[in-house]
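Data file: upload_30.cif. Format and content: mmCIF, C-alpha atoms.
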data_target
loop_
_atom_site.label_atom_id
_atom_site.label_comp_id
_atom_site.auth_asym_id
_atom_site.auth_seq_id
_atom_site.Cartn_x
_atom_site.Cartn_y
_atom_site.Cartn_z
CA MET A 1290 -42.71 -16.62 21.10
CA ILE A 1291 -43.40 -17.33 17.43
CA GLY A 1292 -44.77 -13.83 16.98
CA TYR A 1293 -41.64 -12.37 18.62
CA GLN A 1294 -39.29 -14.34 16.32
CA GLY A 1295 -41.34 -13.37 13.28
CA ALA A 1296 -41.14 -9.72 14.25
CA ARG A 1297 -37.36 -9.99 14.60
CA MET A 1298 -37.02 -11.58 11.15
CA LEU A 1299 -39.25 -8.89 9.66
CA ILE A 1300 -37.13 -6.13 11.21
CA ALA A 1301 -33.92 -7.80 9.96
CA ALA A 1302 -35.34 -8.13 6.46
CA LYS A 1303 -36.34 -4.46 6.38
CA ALA A 1304 -32.98 -3.35 7.80
CA GLY A 1305 -31.02 -5.12 5.09
CA PRO A 1306 -27.47 -6.42 5.35
CA ASP A 1307 -24.98 -4.91 7.78
CA LEU A 1308 -22.71 -3.22 5.22
CA PRO A 1309 -19.11 -2.30 6.10
CA SER A 1310 -17.99 1.31 6.35
CA ILE A 1311 -14.81 3.29 6.78
CA LYS A 1312 -15.35 3.09 10.55
CA ASP A 1313 -14.31 -0.57 10.38
CA PHE A 1314 -10.72 0.63 9.87
CA LEU A 1315 -10.81 2.78 13.02
CA SER A 1316 -11.24 0.02 15.57
CA ASP A 1317 -10.91 0.60 19.29
CA PRO A 1318 -7.71 -0.46 21.10
CA ILE A 1319 -7.61 -4.10 22.15
CA LEU A 1320 -4.35 -3.95 24.14
CA PHE A 1321 -2.97 -1.33 26.55
CA GLN A 1322 -6.11 0.82 26.36
CA GLY A 1323 -5.71 4.30 27.76
CA THR A 1324 -1.90 4.37 27.38
CA PRO A 1325 0.40 5.86 24.70
CA PHE A 1326 1.11 2.25 23.64
CA ALA A 1327 -2.51 1.34 22.85
CA ILE A 1328 -2.74 -1.26 20.09
CA ASN A 1329 -5.82 -1.76 17.93
CA ARG A 1330 -6.47 -4.53 15.44
CA ILE A 1331 -4.69 -2.99 12.48
CA ILE A 1332 -1.55 -2.23 14.53
CA LEU A 1333 -1.57 -5.80 15.84
CA ILE A 1334 -1.75 -7.07 12.24
CA ARG A 1335 1.28 -4.92 11.37
CA ILE A 1336 3.26 -6.27 14.30
CA VAL A 1337 2.43 -9.91 13.54
CA ALA A 1338 3.08 -9.46 9.81
CA THR A 1339 6.45 -7.82 10.51
CA VAL A 1340 7.54 -10.58 12.90
CA VAL A 1341 6.49 -13.30 10.44
CA MET A 1342 8.20 -11.52 7.56
CA LEU A 1343 11.47 -11.12 9.49
CA LEU A 1344 11.41 -14.74 10.63
CA VAL A 1345 10.76 -16.08 7.12
CA MET A 1346 13.44 -13.96 5.48
CA GLY A 1347 15.92 -14.63 8.30
CA ILE A 1348 15.43 -18.39 8.16
CA THR A 1349 15.66 -18.33 4.37
CA ALA A 1350 18.94 -16.40 4.49
CA SER A 1351 20.42 -18.66 7.19
CA ARG A 1352 19.60 -21.80 5.19
CA ALA A 1353 20.66 -20.47 1.80
CA LYS A 1354 22.49 -22.98 -0.40
CA LEU A 1355 24.66 -22.66 -3.46
CA ILE A 1356 22.09 -24.64 -5.44
CA PRO A 1357 18.78 -23.10 -4.33
CA GLY A 1358 15.63 -25.08 -3.71
CA ARG A 1359 12.21 -23.94 -4.82
CA TRP A 1360 11.58 -21.56 -1.95
CA GLN A 1361 15.05 -20.02 -2.03
CA GLY A 1362 14.81 -19.77 -5.81
CA ALA A 1363 11.48 -17.92 -5.53
CA VAL A 1364 12.90 -15.46 -2.97
CA GLU A 1365 16.00 -14.85 -5.07
CA TRP A 1366 13.85 -14.30 -8.16
CA LEU A 1367 11.81 -11.68 -6.25
CA LEU A 1368 14.92 -9.87 -5.04
CA GLU A 1369 16.41 -9.87 -8.54
CA PHE A 1370 13.13 -8.64 -10.01
CA ILE A 1371 13.04 -5.66 -7.64
CA ARG A 1372 16.70 -4.87 -8.27
CA ASN A 1373 16.76 -5.26 -12.05
CA ASN A 1374 13.20 -4.49 -13.17
CA VAL A 1375 12.35 -1.74 -10.72
CA VAL A 1376 15.41 0.05 -9.32
CA TYR A 1377 17.95 -0.40 -12.14
CA GLN A 1378 15.27 0.00 -14.81
CA VAL A 1379 14.27 3.40 -13.42
CA MET A 1380 17.48 4.77 -11.90
CA GLY A 1381 20.25 2.94 -13.71
CA GLU A 1382 22.70 0.58 -12.06
CA GLY A 1383 25.18 3.28 -11.03
CA ARG A 1384 22.88 5.31 -8.81
CA GLY A 1385 20.41 2.49 -8.15
CA LYS A 1386 22.81 0.36 -6.08
CA ARG A 1387 22.45 2.80 -3.21
CA TYR A 1388 18.67 2.33 -3.11
CA VAL A 1389 18.27 -1.40 -3.74
CA PRO A 1390 17.99 -2.25 0.01
CA MET A 1391 15.46 0.54 0.57
CA MET A 1392 13.26 -0.35 -2.40
CA THR A 1393 13.45 -4.08 -1.66
CA THR A 1394 12.36 -3.49 1.93
CA MET A 1395 9.59 -1.18 0.79
CA PHE A 1396 8.27 -3.53 -1.92
CA ILE A 1397 8.20 -6.67 0.26
CA THR A 1398 6.77 -4.88 3.31
CA ILE A 1399 4.01 -3.14 1.37
CA PHE A 1400 3.08 -6.38 -0.41
CA VAL A 1401 2.94 -8.39 2.83
CA PHE A 1402 0.96 -5.66 4.59
CA ASN A 1403 -1.42 -5.40 1.63
CA VAL A 1404 -2.04 -9.14 1.31
CA CYS A 1405 -3.04 -9.34 5.00
CA GLY A 1406 -6.46 -8.22 3.80
CA SER A 1407 -6.93 -11.61 2.11
CA ILE A 1408 -5.54 -13.77 4.93
CA PRO A 1409 -8.19 -15.45 7.13
CA GLY A 1410 -7.95 -14.20 10.69
CA ALA A 1411 -6.48 -10.87 9.64
CA ASN A 1412 -9.00 -9.85 6.96
CA MET A 1413 -7.63 -6.33 6.86
CA ALA A 1414 -4.69 -4.84 4.98
CA ALA A 1415 -2.10 -3.33 7.30
CA THR A 1416 -1.89 -0.39 4.87
CA ALA A 1417 -5.63 0.28 5.09
CA SER A 1418 -5.16 3.20 7.47
CA ILE A 1419 -3.35 6.29 6.28
CA THR A 1420 -0.51 6.09 8.84
CA MET A 1421 1.51 3.34 7.16
CA PRO A 1422 1.27 4.65 3.56
CA LEU A 1423 2.19 8.12 4.86
CA LEU A 1424 5.24 6.69 6.64
CA PHE A 1425 6.47 5.03 3.44
CA ALA A 1426 5.80 8.22 1.45
CA LEU A 1427 7.77 10.32 3.96
CA TRP A 1428 10.64 7.86 3.67
CA VAL A 1429 10.72 8.46 -0.09
CA PHE A 1430 10.27 12.22 0.49
CA ALA A 1431 13.29 12.31 2.81
CA GLN A 1432 15.43 10.26 0.43
CA TYR A 1433 14.85 12.40 -2.65
CA TRP A 1434 15.61 15.56 -0.68
CA ILE A 1435 18.78 13.97 0.68
CA ALA A 1436 19.77 12.91 -2.84
CA ALA A 1437 19.01 16.38 -4.20
CA CYS A 1438 21.11 18.12 -1.57
CA ARG A 1439 23.97 15.65 -2.00
CA GLU A 1440 24.04 15.62 -5.79
CA GLN A 1441 23.05 19.21 -6.68
CA GLY A 1442 22.94 21.25 -3.50
CA PHE A 1443 19.76 22.56 -1.89
CA PHE A 1444 19.48 25.87 -3.72
CA LYS A 1445 20.57 24.54 -7.11
CA TYR A 1446 17.99 21.75 -6.85
CA LEU A 1447 15.25 24.22 -5.97
CA LYS A 1448 16.28 26.45 -8.85
CA ASN A 1449 16.17 23.55 -11.34
CA GLU A 1450 12.79 22.39 -10.04
CA LEU A 1451 11.08 25.76 -9.67
CA PHE A 1452 12.51 27.43 -12.76
CA PRO A 1453 12.69 24.84 -15.58
CA THR A 1454 14.81 25.85 -18.53
CA GLY A 1455 13.28 26.64 -21.92
CA ILE A 1456 10.19 28.38 -20.53
CA PRO A 1457 9.46 32.10 -21.08
CA LYS A 1458 10.08 34.07 -17.89
CA PRO A 1459 6.50 35.42 -17.52
CA VAL A 1460 5.23 31.82 -17.38
CA TYR A 1461 7.25 31.27 -14.19
CA VAL A 1462 4.51 33.17 -12.34
CA LEU A 1463 2.27 30.13 -12.94
CA ILE A 1464 4.80 27.32 -13.15
CA THR A 1465 6.91 28.05 -10.06
CA PRO A 1466 4.11 27.78 -7.42
CA ILE A 1467 2.84 24.59 -9.07
CA GLN A 1468 6.33 23.09 -9.08
CA LEU A 1469 6.83 24.01 -5.42
CA ILE A 1470 3.53 22.39 -4.43
CA GLU A 1471 4.44 19.29 -6.41
CA VAL A 1472 7.84 18.89 -4.73
CA LEU A 1473 6.56 19.54 -1.20
CA LEU A 1474 3.03 18.10 -1.22
CA ILE A 1475 1.84 16.36 -4.37
CA ARG A 1476 4.56 13.70 -4.55
CA PRO A 1477 4.22 12.36 -0.96
CA PHE A 1478 0.46 12.99 -0.95
CA SER A 1479 -0.08 11.05 -4.20
CA LEU A 1480 1.97 8.11 -2.94
CA THR A 1481 0.02 8.03 0.31
CA ILE A 1482 -3.49 8.33 -1.11
CA ARG A 1483 -2.91 5.91 -4.00
CA LEU A 1484 -1.86 3.08 -1.69
CA PHE A 1485 -4.32 3.86 1.12
CA ALA A 1486 -7.39 4.35 -1.10
CA ASN A 1487 -6.81 1.20 -3.18
CA MET A 1488 -6.45 -1.04 -0.15
CA VAL A 1489 -9.48 0.44 1.62
CA ALA A 1490 -11.60 0.14 -1.54
CA GLY A 1491 -10.60 -3.49 -2.07
CA HIS A 1492 -11.42 -4.44 1.51
CA LEU A 1493 -14.80 -2.68 1.36
CA LEU A 1494 -15.71 -4.49 -1.89
CA VAL A 1495 -14.90 -7.92 -0.44
CA ALA A 1496 -16.63 -7.15 2.86
CA THR A 1497 -19.73 -5.88 1.04
CA CYS A 1498 -19.96 -9.08 -1.02
CA LEU A 1499 -19.68 -11.20 2.12
CA ALA A 1500 -22.29 -9.08 3.91
CA PHE A 1501 -24.79 -9.63 1.08
CA THR A 1502 -23.84 -13.32 1.01
CA GLN A 1503 -24.75 -13.71 4.68
CA TYR A 1504 -27.92 -11.68 4.24
CA TYR A 1505 -29.27 -13.68 1.28
CA LEU A 1506 -28.05 -17.15 2.29
CA ILE A 1507 -28.52 -17.09 6.07
CA ASP A 1508 -30.59 -14.18 7.36
CA VAL A 1509 -33.30 -13.96 4.70
CA GLN A 1510 -35.99 -16.65 4.91
CA ASN A 1511 -37.14 -16.44 1.29
CA LYS A 1512 -35.55 -19.41 -0.54
CA LEU A 1513 -35.90 -17.69 -3.89
CA LEU A 1514 -33.33 -15.13 -2.82
CA MET A 1515 -30.66 -17.73 -1.99
CA GLY A 1516 -29.50 -17.69 -5.63
CA ALA A 1517 -28.56 -14.06 -5.19
CA GLY A 1518 -26.53 -15.04 -2.14
CA VAL A 1519 -24.57 -17.57 -4.22
CA LEU A 1520 -23.82 -14.86 -6.79
CA TRP A 1521 -22.61 -12.50 -4.09
CA PHE A 1522 -20.40 -15.29 -2.68
CA VAL A 1523 -18.82 -15.90 -6.09
CA GLY A 1524 -18.34 -12.15 -6.43
CA GLY A 1525 -16.57 -12.14 -3.07
CA LEU A 1526 -14.16 -14.85 -4.26
CA LEU A 1527 -13.44 -12.94 -7.47
CA PHE A 1528 -12.83 -9.68 -5.60
CA THR A 1529 -10.56 -11.52 -3.16
CA ALA A 1530 -8.43 -12.74 -6.07
CA LEU A 1531 -8.46 -9.22 -7.48
CA GLU A 1532 -7.41 -7.80 -4.11
CA ILE A 1533 -4.37 -10.12 -4.02
CA PHE A 1534 -3.41 -8.92 -7.50
CA VAL A 1535 -3.89 -5.28 -6.45
CA ALA A 1536 -1.75 -5.92 -3.35
CA ALA A 1537 1.18 -6.87 -5.57
CA LEU A 1538 0.42 -4.16 -8.13
CA GLN A 1539 0.31 -1.37 -5.54
CA ALA A 1540 3.61 -2.51 -4.03
CA TYR A 1541 5.12 -2.41 -7.52
CA ILE A 1542 3.66 1.01 -8.39
CA PHE A 1543 4.71 2.55 -5.06
CA THR A 1544 8.28 1.30 -5.48
CA VAL A 1545 8.50 2.43 -9.11
CA LEU A 1546 7.21 5.92 -8.30
CA GLY A 1547 9.53 6.16 -5.31
CA SER A 1548 12.46 5.29 -7.59
CA VAL A 1549 11.31 7.86 -10.15
CA TYR A 1550 11.06 10.66 -7.56
CA ILE A 1551 14.50 9.92 -6.15
CA SER A 1552 15.99 9.67 -9.64
CA GLN A 1553 14.57 13.10 -10.49
CA SER A 1554 16.65 14.56 -7.67
CA TYR A 1555 19.82 13.80 -9.62
CA PRO A 1556 21.15 16.35 -12.13
CA GLU A 1557 20.54 14.12 -15.13
CA VAL A 1558 19.13 10.66 -15.91
CA GLU A 1559 21.66 7.98 -16.65
#

Could I get this file's structure written as structure tokens?
Amino acid sequence: MIGYQGARMLIAAKAGPDLPSIKDFLSDPILFQGTPFAINRIILIRIVATVVMLLVMGITASRAKLIPGRWQGAVEWLLEFIRNNVVYQVMGEGRGKRYVPMMTTMFITIFVFNVCGSIPGANMAATASITMPLLFALWVFAQYWIAACREQGFFKYLKNELFPTGIPKPVYVLITPIQLIEVLLIRPFSLTIRLFANMVAGHLLVATCLAFTQYYLIDVQNKLLMGAGVLWFVGGLLFTALEIFVAALQAYIFTVLGSVYISQSYPEVE
């Protein structure tokens, strides 16, 4: 028996820690398996986060007072920040009023979905699979095309984008295909990948630190290596704090870039 346990510990020590991989974000369905409504862990996190978010905002709105308390004051500050420092700052108040609800919804939803990666029990950002970032990017994509067609007309918008003024005509051979790819692919693709890649990278860093923590503090029998486990644990705490900061930063960047792309669909900047 002792020899068997020793062999197991030796195999575990040689194998090293069980490091996370991208496959951790592609979990198998846990509800309604084998149906079109199959729900895996990350979809369940999205559903729970959305319900909690709607309940919190709904209760806050229903209990709003003329003289706000701390919580209501914090929510109002966030809404004013998005309106004034994101939408109006980029688009101007005149055109930005139309997009305040959209950008506010996008900012708060992305932040809540991102920060799920640091919440115990969830431990995974709801934007850590490409579906959700792509959905937000397509929303922006649809809105700047709608704005372009409304404000300039479809063909006039394409002409202004594909044939910028002040450029020698022979250069259009190079510029026009690049501009077309940017309008159709690069803008939504860059929004999608930026959000998705940052949230996946943050989760993998935290999970890797915790994997090494378990390996050096629990699984490895050599007491001299326990100091390394403590260092990995501290690193995990630091990366968790960084991931929360990145969750807010990516929500801000996504909303700012979305506002910029929609603003570019107008004939001139206010």

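Of the listed residues (A:Asn1373, A:Asn1329, A:Thr1324, A:Asn1403), A:Asn1403 comes nearest to Ala1537 in chain A; the distances count only C-alpha atoms.
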
* To do: Would you mind listing what lies within 10 Å of range 1447-1456 of chain A as a ChimeraX atom specification, with all atoms listed in the file counted and same-chain residues fewer than 2 positions away left out?
  => /A:1437-1438,1441-1445,1458-1462,1464-1472,1553-1554,1556

* To do: Taking the file as shown, find all residues satisfying the PyMOL selection byres ((chain A and resi 1487-1493) around 10) and write them as a PyMOL selection string.
  => chain A and resi 1308-1311+1313-1314+1402-1404+1406-1407+1412-1419+1482-1486+1494-1499+1528-1529+1531-1533+1535-1536+1539

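Rounded to one decimal, CA of Thr1393 in chain A and CA of Leu1368 in chain A lie 6.9 Å from each other.
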
Please provide the set of residues having any atom within 8 Å of Met1395 in chain A, restricted to all atoms listed in the file, with same-chain residues fewer than 3 positions apart removed, written as a PDB file with C-alpha atoms, in the frame of the given file.
ATOM      1  CA  MET A1391      15.460   0.540   0.570  1.00  0.00           C
ATOM      2  CA  MET A1392      13.260  -0.350  -2.400  1.00  0.00           C
ATOM      3  CA  THR A1398       6.770  -4.880   3.310  1.00  0.00           C
ATOM      4  CA  ILE A1399       4.010  -3.140   1.370  1.00  0.00           C
ATOM      5  CA  PHE A1425       6.470   5.030   3.440  1.00  0.00           C
ATOM      6  CA  ALA A1540       3.610  -2.510  -4.030  1.00  0.00           C
ATOM      7  CA  THR A1544       8.280   1.300  -5.480  1.00  0.00           C
TER       8      THR A1544
END
